[in-house]
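**Student:** Here you go, query13.cif (mmCIF, C-alpha atoms):
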data_data
#
loop_
_atom_site.group_PDB
_atom_site.id
_atom_site.type_symbol
_atom_site.label_atom_id
_atom_site.label_comp_id
_atom_site.auth_asym_id
_atom_site.auth_seq_id
_atom_site.Cartn_x
_atom_site.Cartn_y
_atom_site.Cartn_z
ATOM 1 C CA MET Y 1 166.578 -9.050 151.435
ATOM 2 C CA ALA Y 2 163.392 -9.705 153.251
ATOM 3 C CA ARG Y 3 160.382 -7.722 152.093
ATOM 4 C CA LYS Y 4 158.115 -6.172 154.663
ATOM 5 C CA LYS Y 5 154.578 -7.339 154.191
ATOM 6 C CA ILE Y 6 152.135 -4.480 153.969
ATOM 7 C CA GLU Y 7 148.987 -5.220 155.858
ATOM 8 C CA ALA Y 8 145.729 -4.536 154.075
ATOM 9 C CA GLN Y 9 143.776 -1.852 155.917
ATOM 10 C CA HIS Y 10 140.014 -1.822 156.166
ATOM 11 C CA VAL Y 11 138.953 1.657 155.085
ATOM 12 C CA SER Y 12 135.326 2.642 155.568
ATOM 13 C CA ILE Y 13 133.663 5.916 154.641
ATOM 14 C CA PRO Y 14 131.807 7.430 157.599
ATOM 15 C CA THR Y 15 128.229 7.752 156.293
ATOM 16 C CA LEU Y 16 126.536 8.743 159.521
ATOM 17 C CA SER Y 17 127.126 12.501 159.151
ATOM 18 C CA LEU Y 18 126.250 12.321 155.450
ATOM 19 C CA GLY Y 19 122.626 11.719 156.421
ATOM 20 C CA ASP Y 20 122.602 14.861 158.580
ATOM 21 C CA ILE Y 21 124.039 16.935 155.735
ATOM 22 C CA ALA Y 22 121.477 15.499 153.322
ATOM 23 C CA PHE Y 23 118.585 16.449 155.612
ATOM 24 C CA LEU Y 24 119.962 19.961 156.108
ATOM 25 C CA LEU Y 25 120.026 20.339 152.333
ATOM 26 C CA ILE Y 26 116.437 19.061 152.095
ATOM 27 C CA ILE Y 27 115.267 21.611 154.683
ATOM 28 C CA PHE Y 28 117.086 24.372 152.786
ATOM 29 C CA PHE Y 29 115.420 23.505 149.476
ATOM 30 C CA LEU Y 30 112.043 23.062 151.145
ATOM 31 C CA LEU Y 31 112.154 26.562 152.639
ATOM 32 C CA SER Y 32 113.630 28.302 149.623
ATOM 33 C CA SER Y 33 111.241 26.794 147.087
ATOM 34 C CA ASN Y 34 108.712 29.150 145.562
ATOM 35 C CA PHE Y 35 105.986 26.566 145.291
ATOM 36 C CA TYR Y 36 106.032 26.132 149.073
ATOM 37 C CA ARG Y 37 104.643 29.641 149.603
ATOM 38 C CA GLU Y 38 102.544 30.004 146.467
ATOM 39 C CA SER Y 39 101.292 26.436 146.150
ATOM 40 C CA PRO Y 40 97.538 27.045 146.688
ATOM 41 C CA LEU Y 41 97.400 29.700 143.965
ATOM 42 C CA GLN Y 42 96.027 28.775 140.581
ATOM 43 C CA LEU Y 43 96.550 31.529 138.064
ATOM 44 C CA LYS Y 44 97.675 32.034 134.506
ATOM 45 C CA PRO Y 45 100.184 34.893 134.400
ATOM 46 C CA PRO Y 46 99.753 37.709 131.873
ATOM 47 C CA ARG Y 47 102.226 37.925 129.010
ATOM 48 C CA SER Y 48 104.234 40.787 127.563
ATOM 49 C CA ALA Y 49 107.376 41.420 125.548
ATOM 50 C CA ASP Y 50 108.337 44.403 127.732
ATOM 51 C CA LEU Y 51 109.321 42.574 130.901
ATOM 52 C CA LYS Y 52 112.655 42.319 132.657
ATOM 53 C CA ASN Y 53 114.101 40.013 135.294
ATOM 54 C CA LEU Y 54 112.997 40.917 138.791
ATOM 55 C CA GLN Y 55 114.168 39.747 142.177
ATOM 56 C CA GLU Y 56 111.901 38.188 144.805
ATOM 57 C CA TYR Y 57 110.307 40.757 147.092
ATOM 58 C CA PRO Y 58 109.168 39.964 150.631
ATOM 59 C CA VAL Y 59 105.560 41.151 150.271
ATOM 60 C CA SER Y 60 103.258 39.436 147.785
ATOM 61 C CA VAL Y 61 99.683 40.061 146.697
ATOM 62 C CA SER Y 62 97.942 37.700 144.297
ATOM 63 C CA ILE Y 63 94.571 37.262 142.652
ATOM 64 C CA ASP Y 64 93.773 33.744 141.457
ATOM 65 C CA ARG Y 65 91.564 32.698 138.548
ATOM 66 C CA ASP Y 66 88.470 32.691 140.764
ATOM 67 C CA GLY Y 67 89.092 36.303 141.784
ATOM 68 C CA ARG Y 68 90.176 35.431 145.318
ATOM 69 C CA ILE Y 69 92.684 37.873 146.797
ATOM 70 C CA PHE Y 70 95.756 36.635 148.684
ATOM 71 C CA LEU Y 71 98.190 38.600 150.830
ATOM 72 C CA GLN Y 72 101.396 36.733 151.699
ATOM 73 C CA GLY Y 73 99.740 33.505 150.508
ATOM 74 C CA LYS Y 74 96.737 33.890 152.849
ATOM 75 C CA GLN Y 75 93.283 34.710 151.497
ATOM 76 C CA VAL Y 76 91.906 38.127 152.456
ATOM 77 C CA PRO Y 77 88.293 39.297 152.069
ATOM 78 C CA ASP Y 78 88.744 42.422 149.949
ATOM 79 C CA ALA Y 79 91.048 45.152 148.633
ATOM 80 C CA GLU Y 80 90.797 47.156 151.864
ATOM 81 C CA ALA Y 81 92.442 44.278 153.734
ATOM 82 C CA VAL Y 82 95.278 44.466 151.193
ATOM 83 C CA ASN Y 83 95.602 48.194 151.904
ATOM 84 C CA TRP Y 84 95.955 47.614 155.651
ATOM 85 C CA GLY Y 85 98.233 44.622 155.186
ATOM 86 C CA VAL Y 86 100.597 46.368 152.791
ATOM 87 C CA ALA Y 87 100.669 49.470 155.004
ATOM 88 C CA ALA Y 88 101.559 47.316 158.021
ATOM 89 C CA LEU Y 89 104.190 45.273 156.181
ATOM 90 C CA THR Y 90 105.941 48.241 154.571
ATOM 91 C CA LYS Y 91 105.625 50.937 157.235
ATOM 92 C CA ASP Y 92 109.145 50.473 158.659
ATOM 93 C CA LYS Y 93 110.802 49.967 155.283
ATOM 94 C CA ALA Y 94 112.897 52.870 154.064
ATOM 95 C CA THR Y 95 114.280 51.375 150.860
ATOM 96 C CA GLN Y 96 112.434 50.997 147.573
ATOM 97 C CA ASP Y 97 112.976 47.218 147.620
ATOM 98 C CA GLY Y 98 111.458 47.036 151.088
ATOM 99 C CA ARG Y 99 108.303 48.799 149.902
ATOM 100 C CA THR Y 100 107.966 46.805 146.683
ATOM 101 C CA VAL Y 101 105.035 44.413 146.533
ATOM 102 C CA MET Y 102 105.009 41.471 144.121
ATOM 103 C CA PHE Y 103 101.651 41.502 142.373
ATOM 104 C CA LYS Y 104 100.448 38.404 140.547
ATOM 105 C CA CYS Y 105 97.058 38.210 138.916
ATOM 106 C CA ASP Y 106 95.300 35.811 136.582
ATOM 107 C CA ASP Y 107 95.214 37.208 133.051
ATOM 108 C CA ALA Y 108 91.420 36.830 132.711
ATOM 109 C CA ILE Y 109 90.492 38.802 135.848
ATOM 110 C CA THR Y 110 88.524 41.936 134.992
ATOM 111 C CA ARG Y 111 89.248 45.509 136.001
ATOM 112 C CA ASP Y 112 86.561 45.702 138.693
ATOM 113 C CA VAL Y 113 88.521 43.067 140.669
ATOM 114 C CA PHE Y 114 92.200 43.898 140.086
ATOM 115 C CA GLU Y 115 92.137 47.697 139.924
ATOM 116 C CA PRO Y 116 90.913 48.217 143.526
ATOM 117 C CA VAL Y 117 93.751 45.904 144.628
ATOM 118 C CA LEU Y 118 96.357 47.883 142.663
ATOM 119 C CA ASP Y 119 94.914 51.058 144.143
ATOM 120 C CA ALA Y 120 94.997 49.533 147.645
ATOM 121 C CA ILE Y 121 98.679 48.592 147.302
ATOM 122 C CA SER Y 122 99.444 52.104 146.102
ATOM 123 C CA ARG Y 123 97.504 53.743 148.956
ATOM 124 C CA GLY Y 124 99.247 51.410 151.410
ATOM 125 C CA GLY Y 125 102.592 52.870 150.349
ATOM 126 C CA GLY Y 126 103.643 49.943 148.184
ATOM 127 C CA ILE Y 127 105.496 50.046 144.895
ATOM 128 C CA ILE Y 128 104.053 47.499 142.485
ATOM 129 C CA ALA Y 129 106.187 44.804 140.888
ATOM 130 C CA ALA Y 130 103.708 43.321 138.424
ATOM 131 C CA MET Y 131 104.806 39.797 137.605
ATOM 132 C CA GLY Y 132 104.160 38.149 134.269
ATOM 133 C CA GLN Y 133 105.558 35.912 131.592
ATOM 134 C CA ARG Y 134 107.936 37.342 129.013
ATOM 135 C CA THR Y 135 107.118 36.675 125.374
ATOM 136 C CA LYS Y 136 109.106 37.434 122.243
ATOM 137 C CA GLN Y 137 106.470 39.557 120.569
ATOM 138 C CA LEU Y 138 103.439 41.650 121.374
ATOM 139 C CA GLU Y 139 100.611 39.453 122.521
ATOM 140 C CA ALA Y 140 97.219 40.705 123.577
ATOM 141 C CA SER Y 141 94.793 38.351 125.293
ATOM 142 C CA ASN Y 142 92.413 36.447 123.036
ATOM 143 C CA GLY Y 143 92.849 39.017 120.295
ATOM 144 C CA ARG Y 144 90.522 41.441 122.060
ATOM 145 C CA ILE Y 145 92.762 44.413 121.441
ATOM 146 C CA PRO Y 146 94.481 44.751 118.086
ATOM 147 C CA MET E 1 111.016 -28.329 189.397
ATOM 148 C CA ARG E 2 113.493 -25.705 188.702
ATOM 149 C CA LYS E 3 112.743 -23.527 185.748
ATOM 150 C CA THR E 4 115.582 -22.830 183.413
ATOM 151 C CA PHE E 5 115.725 -19.534 181.625
ATOM 152 C CA LYS E 6 117.004 -19.528 178.154
ATOM 153 C CA LYS E 7 119.607 -16.927 177.746
ATOM 154 C CA LYS E 8 118.622 -14.450 175.052
ATOM 155 C CA GLN E 9 121.298 -13.630 172.627
ATOM 156 C CA LEU E 10 121.940 -9.954 172.115
ATOM 157 C CA THR E 11 121.221 -8.873 168.559
ATOM 158 C CA ASP E 12 122.694 -5.972 166.656
ATOM 159 C CA GLU E 13 119.806 -3.450 166.625
ATOM 160 C CA ALA E 14 121.481 -0.585 164.829
ATOM 161 C CA ILE E 15 119.225 1.411 162.462
ATOM 162 C CA PRO E 16 120.294 0.867 158.877
ATOM 163 C CA THR E 17 121.264 4.339 157.713
ATOM 164 C CA VAL E 18 122.614 3.402 154.317
ATOM 165 C CA SER E 19 119.194 3.391 152.611
ATOM 166 C CA LEU E 20 118.217 6.570 154.499
ATOM 167 C CA ILE E 21 120.997 8.438 152.744
ATOM 168 C CA ASP E 22 119.817 7.150 149.378
ATOM 169 C CA ILE E 23 116.304 8.447 150.103
ATOM 170 C CA SER E 24 117.691 11.785 151.296
ATOM 171 C CA PHE E 25 119.665 12.281 148.133
ATOM 172 C CA LEU E 26 116.665 11.365 145.996
ATOM 173 C CA LEU E 27 114.719 14.089 147.837
ATOM 174 C CA ILE E 28 117.557 16.562 147.289
ATOM 175 C CA ILE E 29 117.587 15.796 143.563
ATOM 176 C CA PHE E 30 113.799 16.324 143.481
ATOM 177 C CA PHE E 31 114.084 19.714 145.187
ATOM 178 C CA ILE E 32 117.003 20.802 142.996
ATOM 179 C CA LEU E 33 114.939 20.068 139.903
ATOM 180 C CA THR E 34 111.711 21.668 141.136
ATOM 181 C CA THR E 35 113.101 24.762 142.862
ATOM 182 C CA THR E 36 113.056 27.910 140.742
ATOM 183 C CA PHE E 37 116.097 29.983 141.530
ATOM 184 C CA GLN E 38 115.522 31.819 138.275
ATOM 185 C CA LYS E 39 114.260 35.330 138.873
ATOM 186 C CA GLY E 40 110.695 36.135 137.905
ATOM 187 C CA THR E 41 109.922 38.561 135.111
ATOM 188 C CA GLY E 42 107.775 41.669 135.306
ATOM 189 C CA PHE E 43 108.029 45.410 135.710
ATOM 190 C CA VAL E 44 108.183 47.763 138.671
ATOM 191 C CA THR E 45 105.948 50.820 138.790
ATOM 192 C CA ASP E 46 104.871 53.264 141.442
ATOM 193 C CA ILE E 47 101.244 53.976 140.638
ATOM 194 C CA PRO E 48 99.833 57.238 141.917
ATOM 195 C CA GLY E 49 96.121 56.629 142.409
ATOM 196 C CA GLY E 50 93.934 59.382 141.001
ATOM 197 C CA GLU E 51 90.417 60.500 140.377
ATOM 198 C CA LYS E 52 89.222 62.078 137.183
ATOM 199 C CA THR E 53 88.646 65.733 137.950
ATOM 200 C CA GLN E 54 88.001 68.798 135.845
ATOM 201 C CA GLN E 55 91.607 69.821 136.380
ATOM 202 C CA VAL E 56 92.915 66.531 135.007
ATOM 203 C CA GLN E 57 90.650 66.758 131.997
ATOM 204 C CA GLN E 58 92.036 70.200 131.233
ATOM 205 C CA GLN E 59 95.633 68.952 131.219
ATOM 206 C CA GLN E 60 95.874 68.491 127.476
ATOM 207 C CA LYS E 61 99.590 67.733 127.591
ATOM 208 C CA THR E 62 99.266 64.580 129.674
ATOM 209 C CA PRO E 63 99.109 61.584 127.319
ATOM 210 C CA THR E 64 96.039 59.461 127.953
ATOM 211 C CA ILE E 65 95.453 55.862 126.961
ATOM 212 C CA GLY E 66 91.879 54.654 126.863
ATOM 213 C CA LEU E 67 91.504 50.901 126.989
ATOM 214 C CA GLN E 68 88.205 49.515 125.760
ATOM 215 C CA ALA E 69 86.958 46.023 124.989
ATOM 216 C CA ASN E 70 88.381 45.848 121.485
ATOM 217 C CA LYS E 71 90.365 49.024 120.917
ATOM 218 C CA ILE E 72 93.044 51.288 122.329
ATOM 219 C CA ILE E 73 92.606 55.037 122.226
ATOM 220 C CA PHE E 74 95.684 57.214 122.538
ATOM 221 C CA ASN E 75 94.904 60.926 122.873
ATOM 222 C CA ASP E 76 91.562 60.490 121.043
ATOM 223 C CA ASP E 77 93.099 58.406 118.227
ATOM 224 C CA THR E 78 92.378 54.699 117.869
ATOM 225 C CA VAL E 79 95.696 52.839 117.633
ATOM 226 C CA THR E 80 97.044 49.300 117.546
ATOM 227 C CA LEU E 81 99.573 47.981 120.070
ATOM 228 C CA GLN E 82 102.418 48.495 117.586
ATOM 229 C CA GLU E 83 101.333 52.062 116.866
ATOM 230 C CA LEU E 84 101.022 52.759 120.588
ATOM 231 C CA ARG E 85 104.574 51.545 121.120
ATOM 232 C CA LYS E 86 105.837 53.951 118.462
ATOM 233 C CA LYS E 87 103.845 56.865 119.877
ATOM 234 C CA LEU E 88 105.159 56.209 123.387
ATOM 235 C CA ALA E 89 108.716 55.995 122.070
ATOM 236 C CA ALA E 90 108.229 59.330 120.298
ATOM 237 C CA LEU E 91 107.341 60.984 123.637
ATOM 238 C CA ASN E 92 110.863 60.226 125.005
ATOM 239 C CA LEU E 93 109.367 59.560 128.433
ATOM 240 C CA ASP E 94 112.650 58.189 129.788
ATOM 241 C CA GLN E 95 114.206 61.633 129.369
ATOM 242 C CA GLN E 96 111.350 63.460 131.084
ATOM 243 C CA LYS E 97 111.140 64.337 134.755
ATOM 244 C CA ASP E 98 108.466 63.815 137.435
ATOM 245 C CA GLU E 99 104.977 64.700 136.178
ATOM 246 C CA ALA E 100 106.065 64.800 132.548
ATOM 247 C CA LYS E 101 106.619 61.035 132.764
ATOM 248 C CA VAL E 102 103.011 60.369 133.672
ATOM 249 C CA VAL E 103 100.718 58.589 131.232
ATOM 250 C CA MET E 104 97.049 58.350 132.186
ATOM 251 C CA LEU E 105 95.380 54.977 131.799
ATOM 252 C CA GLU E 106 91.616 54.726 131.723
ATOM 253 C CA ALA E 107 90.170 51.268 131.242
ATOM 254 C CA ALA E 108 86.649 50.033 130.685
ATOM 255 C CA GLU E 109 85.009 47.924 133.405
ATOM 256 C CA ASN E 110 85.242 44.591 131.550
ATOM 257 C CA ILE E 111 88.908 44.866 130.547
ATOM 258 C CA ALA E 112 90.934 41.752 131.338
ATOM 259 C CA TYR E 113 94.160 42.003 133.296
ATOM 260 C CA GLN E 114 96.130 40.709 130.266
ATOM 261 C CA ASP E 115 95.282 43.812 128.204
ATOM 262 C CA TYR E 116 95.865 46.157 131.140
ATOM 263 C CA PHE E 117 99.180 44.480 131.970
ATOM 264 C CA GLU E 118 100.342 44.711 128.348
ATOM 265 C CA ILE E 119 99.719 48.470 128.248
ATOM 266 C CA MET E 120 101.267 49.100 131.680
ATOM 267 C CA ALA E 121 104.368 47.099 130.718
ATOM 268 C CA MET E 122 104.680 49.048 127.492
ATOM 269 C CA VAL E 123 104.418 52.432 129.224
ATOM 270 C CA THR E 124 106.910 51.394 131.925
ATOM 271 C CA ALA E 125 109.368 50.066 129.330
ATOM 272 C CA ALA E 126 109.116 53.401 127.493
ATOM 273 C CA GLY E 127 110.211 55.129 130.709
ATOM 274 C CA GLY E 128 106.799 56.437 131.717
ATOM 275 C CA ALA E 129 104.802 56.170 134.925
ATOM 276 C CA VAL E 130 101.223 54.945 134.729
ATOM 277 C CA ALA E 131 98.534 56.864 136.577
ATOM 278 C CA ILE E 132 95.213 55.126 136.921
ATOM 279 C CA ILE E 133 92.149 57.212 136.221
ATOM 280 C CA ARG E 134 89.188 56.182 138.323
ATOM 281 C CA GLU E 135 85.815 57.856 138.329
ATOM 282 C CA LYS E 136 84.833 59.676 141.524
ATOM 283 C CA GLY E 137 83.094 57.377 143.983
ATOM 284 C CA SER E 138 84.303 54.175 142.324
ATOM 285 C CA ARG E 139 86.481 53.240 145.323
#
Starting from the file, lay out its structure as structure tokens.

**Tutor:**
Amino acid sequence: MARKKIEAQHVSIPTLSLGDIAFLLIIFFLLSSNFYRESPLQLKPPRSADLKNLQEYPVSVSIDRDGRIFLQGKQVPDAEAVNWGVAALTKDKATQDGRTVMFKCDDAITRDVFEPVLDAISRGGGIIAAMGQRTKQLEASNGRIP
Amino acid sequence: MRKTFKKKQLTDEAIPTVSLIDISFLLIIFFILTTTFQKGTGFVTDIPGGEKTQQVQQQQKTPTIGLQANKIIFNDDTVTLQELRKKLAALNLDQQKDEAKVVMLEAAENIAYQDYFEIMAMVTAAGGAVAIIREKGSR
């Protein structure tokens, strides 16, 4: 009985579309990365044992270690600008999440700088989500408070 | 004299995409490792801004935390962070409603955000709502 010879087939993986998929993934990660939006900020977050996991909120206010105030990653001159900005960004938001403002501040900034900003967010109709670093035990800064 | 043109041979000018894919995947790996999908930590509080008035001073029932450079004062008593936690827990703030949840916070001018944050986080975790006391005309 004569055997039929099976011809070897040249199989190649189509790699052309793979490049497109790879670049789409790169764009996705680039846009979703946190460091992309917050990259110019240099701050040491405050620490506490009483923190819980929070989601990302669309509005962010930050104060860096030099006391510069940022709204949505852009530097603003003072707390009043934060008040107007927060009011404008949250005015059409009906839900609590929509009105919540992520607040990040360097742990060494003194009250005369951060409190007017907290007050401005509050007067602008924002709910404050104060961001920090969770620790296992009570930890006050530099042992200033017992 | 007749000039003879040399016939140019057509070359395969396709862009090599194989190495491009390698680079793309290296970038993807970089972004996967550096992207933080983990949620941030903190606390959510709705701060009602306030000014210290005679009326507020007369409200003896509202717990007040005074934050100074090296001490915490809770209702005129100097306390440590641990003692403050116990006193806040004893108030059962999470079972209170509206204004009964409010804890006044009055901080000295040179207080660092770390100390302020620690106290605010503690009050919020105990179920309370922090109200900032600011002197009249300080805005």

**Student:** Would you kindly translate the PyMOL selection byres ((chain E and resi 76-86) around 10) into the concrete residues it picks from this file, as a PDB file with C-alpha atoms, in the coordinates of the input?

**Tutor:**
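Listed below is the output, selection00.pdb:
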ATOM      1  CA  LEU Y 138     103.439  41.650 121.374  1.00  0.00           C
ATOM      2  CA  GLU Y 139     100.611  39.453 122.521  1.00  0.00           C
ATOM      3  CA  ALA Y 140      97.219  40.705 123.577  1.00  0.00           C
ATOM      4  CA  ILE Y 145      92.762  44.413 121.441  1.00  0.00           C
ATOM      5  CA  PRO Y 146      94.481  44.751 118.086  1.00  0.00           C
TER       6      PRO Y 146
ATOM      7  CA  PRO E  63      99.109  61.584 127.319  1.00  0.00           C
ATOM      8  CA  THR E  64      96.039  59.461 127.953  1.00  0.00           C
ATOM      9  CA  ILE E  65      95.453  55.862 126.961  1.00  0.00           C
ATOM     10  CA  GLY E  66      91.879  54.654 126.863  1.00  0.00           C
ATOM     11  CA  LEU E  67      91.504  50.901 126.989  1.00  0.00           C
ATOM     12  CA  LYS E  71      90.365  49.024 120.917  1.00  0.00           C
ATOM     13  CA  ILE E  72      93.044  51.288 122.329  1.00  0.00           C
ATOM     14  CA  ILE E  73      92.606  55.037 122.226  1.00  0.00           C
ATOM     15  CA  PHE E  74      95.684  57.214 122.538  1.00  0.00           C
ATOM     16  CA  ASN E  75      94.904  60.926 122.873  1.00  0.00           C
ATOM     17  CA  LYS E  87     103.845  56.865 119.877  1.00  0.00           C
ATOM     18  CA  LEU E  88     105.159  56.209 123.387  1.00  0.00           C
ATOM     19  CA  ALA E  89     108.716  55.995 122.070  1.00  0.00           C
ATOM     20  CA  ALA E  90     108.229  59.330 120.298  1.00  0.00           C
ATOM     21  CA  LEU E  91     107.341  60.984 123.637  1.00  0.00           C
ATOM     22  CA  GLU E 118     100.342  44.711 128.348  1.00  0.00           C
ATOM     23  CA  ILE E 119      99.719  48.470 128.248  1.00  0.00           C
ATOM     24  CA  MET E 122     104.680  49.048 127.492  1.00  0.00           C
ATOM     25  CA  VAL E 123     104.418  52.432 129.224  1.00  0.00           C
ATOM     26  CA  ALA E 125     109.368  50.066 129.330  1.00  0.00           C
ATOM     27  CA  ALA E 126     109.116  53.401 127.493  1.00  0.00           C
TER      28      ALA E 126
END

**Student:** Report as JSON lines: every residue of chain E with an atom at most 8 Å from chain Y, its closest pair of atoms, and their distance in Å to one decimal, counting only C-alpha atoms, with rows sorted by chain and ascending residue number.

**Tutor:**
{"residue": "E:Thr17", "atom": "CA", "partner": "Y:Leu16", "partner_atom": "CA", "distance": 7.1}
{"residue": "E:Val18", "atom": "CA", "partner": "Y:Thr15", "partner_atom": "CA", "distance": 7.4}
{"residue": "E:Leu20", "atom": "CA", "partner": "Y:Gly19", "partner_atom": "CA", "distance": 7.0}
{"residue": "E:Ile21", "atom": "CA", "partner": "Y:Gly19", "partner_atom": "CA", "distance": 5.2}
{"residue": "E:Ser24", "atom": "CA", "partner": "Y:Ala22", "partner_atom": "CA", "distance": 5.7}
{"residue": "E:Phe25", "atom": "CA", "partner": "Y:Ala22", "partner_atom": "CA", "distance": 6.4}
{"residue": "E:Leu27", "atom": "CA", "partner": "Y:Ile26", "partner_atom": "CA", "distance": 6.8}
{"residue": "E:Ile28", "atom": "CA", "partner": "Y:Ile26", "partner_atom": "CA", "distance": 5.5}
{"residue": "E:Phe31", "atom": "CA", "partner": "Y:Phe29", "partner_atom": "CA", "distance": 5.9}
{"residue": "E:Ile32", "atom": "CA", "partner": "Y:Phe29", "partner_atom": "CA", "distance": 7.2}
{"residue": "E:Thr34", "atom": "CA", "partner": "Y:Ser33", "partner_atom": "CA", "distance": 7.9}
{"residue": "E:Thr35", "atom": "CA", "partner": "Y:Ser33", "partner_atom": "CA", "distance": 5.0}
{"residue": "E:Thr36", "atom": "CA", "partner": "Y:Asn34", "partner_atom": "CA", "distance": 6.6}
{"residue": "E:Lys39", "atom": "CA", "partner": "Y:Gln55", "partner_atom": "CA", "distance": 5.5}
{"residue": "E:Gly40", "atom": "CA", "partner": "Y:Leu54", "partner_atom": "CA", "distance": 5.4}
{"residue": "E:Thr41", "atom": "CA", "partner": "Y:Asn53", "partner_atom": "CA", "distance": 4.4}
{"residue": "E:Gly42", "atom": "CA", "partner": "Y:Met131", "partner_atom": "CA", "distance": 4.2}
{"residue": "E:Phe43", "atom": "CA", "partner": "Y:Ala130", "partner_atom": "CA", "distance": 5.5}
{"residue": "E:Val44", "atom": "CA", "partner": "Y:Ala129", "partner_atom": "CA", "distance": 4.2}
{"residue": "E:Thr45", "atom": "CA", "partner": "Y:Ile128", "partner_atom": "CA", "distance": 5.3}
{"residue": "E:Asp46", "atom": "CA", "partner": "Y:Ile127", "partner_atom": "CA", "distance": 4.8}
{"residue": "E:Ile47", "atom": "CA", "partner": "Y:Ser122", "partner_atom": "CA", "distance": 6.0}
{"residue": "E:Pro48", "atom": "CA", "partner": "Y:Ser122", "partner_atom": "CA", "distance": 6.6}
{"residue": "E:Gly49", "atom": "CA", "partner": "Y:Asp119", "partner_atom": "CA", "distance": 6.0}
{"residue": "E:Ala69", "atom": "CA", "partner": "Y:Arg144", "partner_atom": "CA", "distance": 6.5}
{"residue": "E:Asn70", "atom": "CA", "partner": "Y:Ile145", "partner_atom": "CA", "distance": 4.6}
{"residue": "E:Lys71", "atom": "CA", "partner": "Y:Ile145", "partner_atom": "CA", "distance": 5.2}
{"residue": "E:Ile72", "atom": "CA", "partner": "Y:Ile145", "partner_atom": "CA", "distance": 6.9}
{"residue": "E:Thr80", "atom": "CA", "partner": "Y:Pro146", "partner_atom": "CA", "distance": 5.2}
{"residue": "E:Leu81", "atom": "CA", "partner": "Y:Pro146", "partner_atom": "CA", "distance": 6.3}
{"residue": "E:Gln82", "atom": "CA", "partner": "Y:Leu138", "partner_atom": "CA", "distance": 7.9}
{"residue": "E:Ala107", "atom": "CA", "partner": "Y:Arg111", "partner_atom": "CA", "distance": 7.5}
{"residue": "E:Ala108", "atom": "CA", "partner": "Y:Arg111", "partner_atom": "CA", "distance": 7.4}
{"residue": "E:Glu109", "atom": "CA", "partner": "Y:Arg111", "partner_atom": "CA", "distance": 5.5}
{"residue": "E:Asn110", "atom": "CA", "partner": "Y:Thr110", "partner_atom": "CA", "distance": 5.4}
{"residue": "E:Ile111", "atom": "CA", "partner": "Y:Thr110", "partner_atom": "CA", "distance": 5.3}
{"residue": "E:Ala112", "atom": "CA", "partner": "Y:Thr110", "partner_atom": "CA", "distance": 4.4}
{"residue": "E:Tyr113", "atom": "CA", "partner": "Y:Asp107", "partner_atom": "CA", "distance": 4.9}
{"residue": "E:Gln114", "atom": "CA", "partner": "Y:Asp107", "partner_atom": "CA", "distance": 4.6}
{"residue": "E:Asp115", "atom": "CA", "partner": "Y:Ala140", "partner_atom": "CA", "distance": 5.9}
{"residue": "E:Phe117", "atom": "CA", "partner": "Y:Pro46", "partner_atom": "CA", "distance": 6.8}
{"residue": "E:Glu118", "atom": "CA", "partner": "Y:Ser48", "partner_atom": "CA", "distance": 5.6}
{"residue": "E:Ala121", "atom": "CA", "partner": "Y:Asp50", "partner_atom": "CA", "distance": 5.7}
{"residue": "E:Met122", "atom": "CA", "partner": "Y:Asp50", "partner_atom": "CA", "distance": 5.9}
{"residue": "E:Ala125", "atom": "CA", "partner": "Y:Asp50", "partner_atom": "CA", "distance": 6.0}
{"residue": "E:Arg139", "atom": "CA", "partner": "Y:Pro116", "partner_atom": "CA", "distance": 6.9}

**Student:** Can you measure atom CA of Y:Thr90 to atom CA of Y:Val59 for me? One decimal in Å is fine.

**Tutor:** 8.3 Å

**Student:** Record the distance separating atom CA of E:Ala131 and atom CA of Y:Ser62, expressed in Å with one decimal.

**Tutor:**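 Computing it gives 20.7 Å between the two atoms.
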
**Student:** Between atom CA of E:Ile133 and atom CA of E:Lys61, what is the spacing in Å?

**Tutor:**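 These two atoms are separated by 15.5 Å.
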
**Student:** Report, as JSON, the axis-aligned box around all atoms of stretch 2-18 of chain Y present in the file, extended by 3 Å on each side; give centre and edge lengths in Å to one decimal place.

**Tutor:**
{"center_x": 144.8, "center_y": 1.4, "center_z": 155.8, "size_x": 43.1, "size_y": 28.2, "size_z": 13.4}
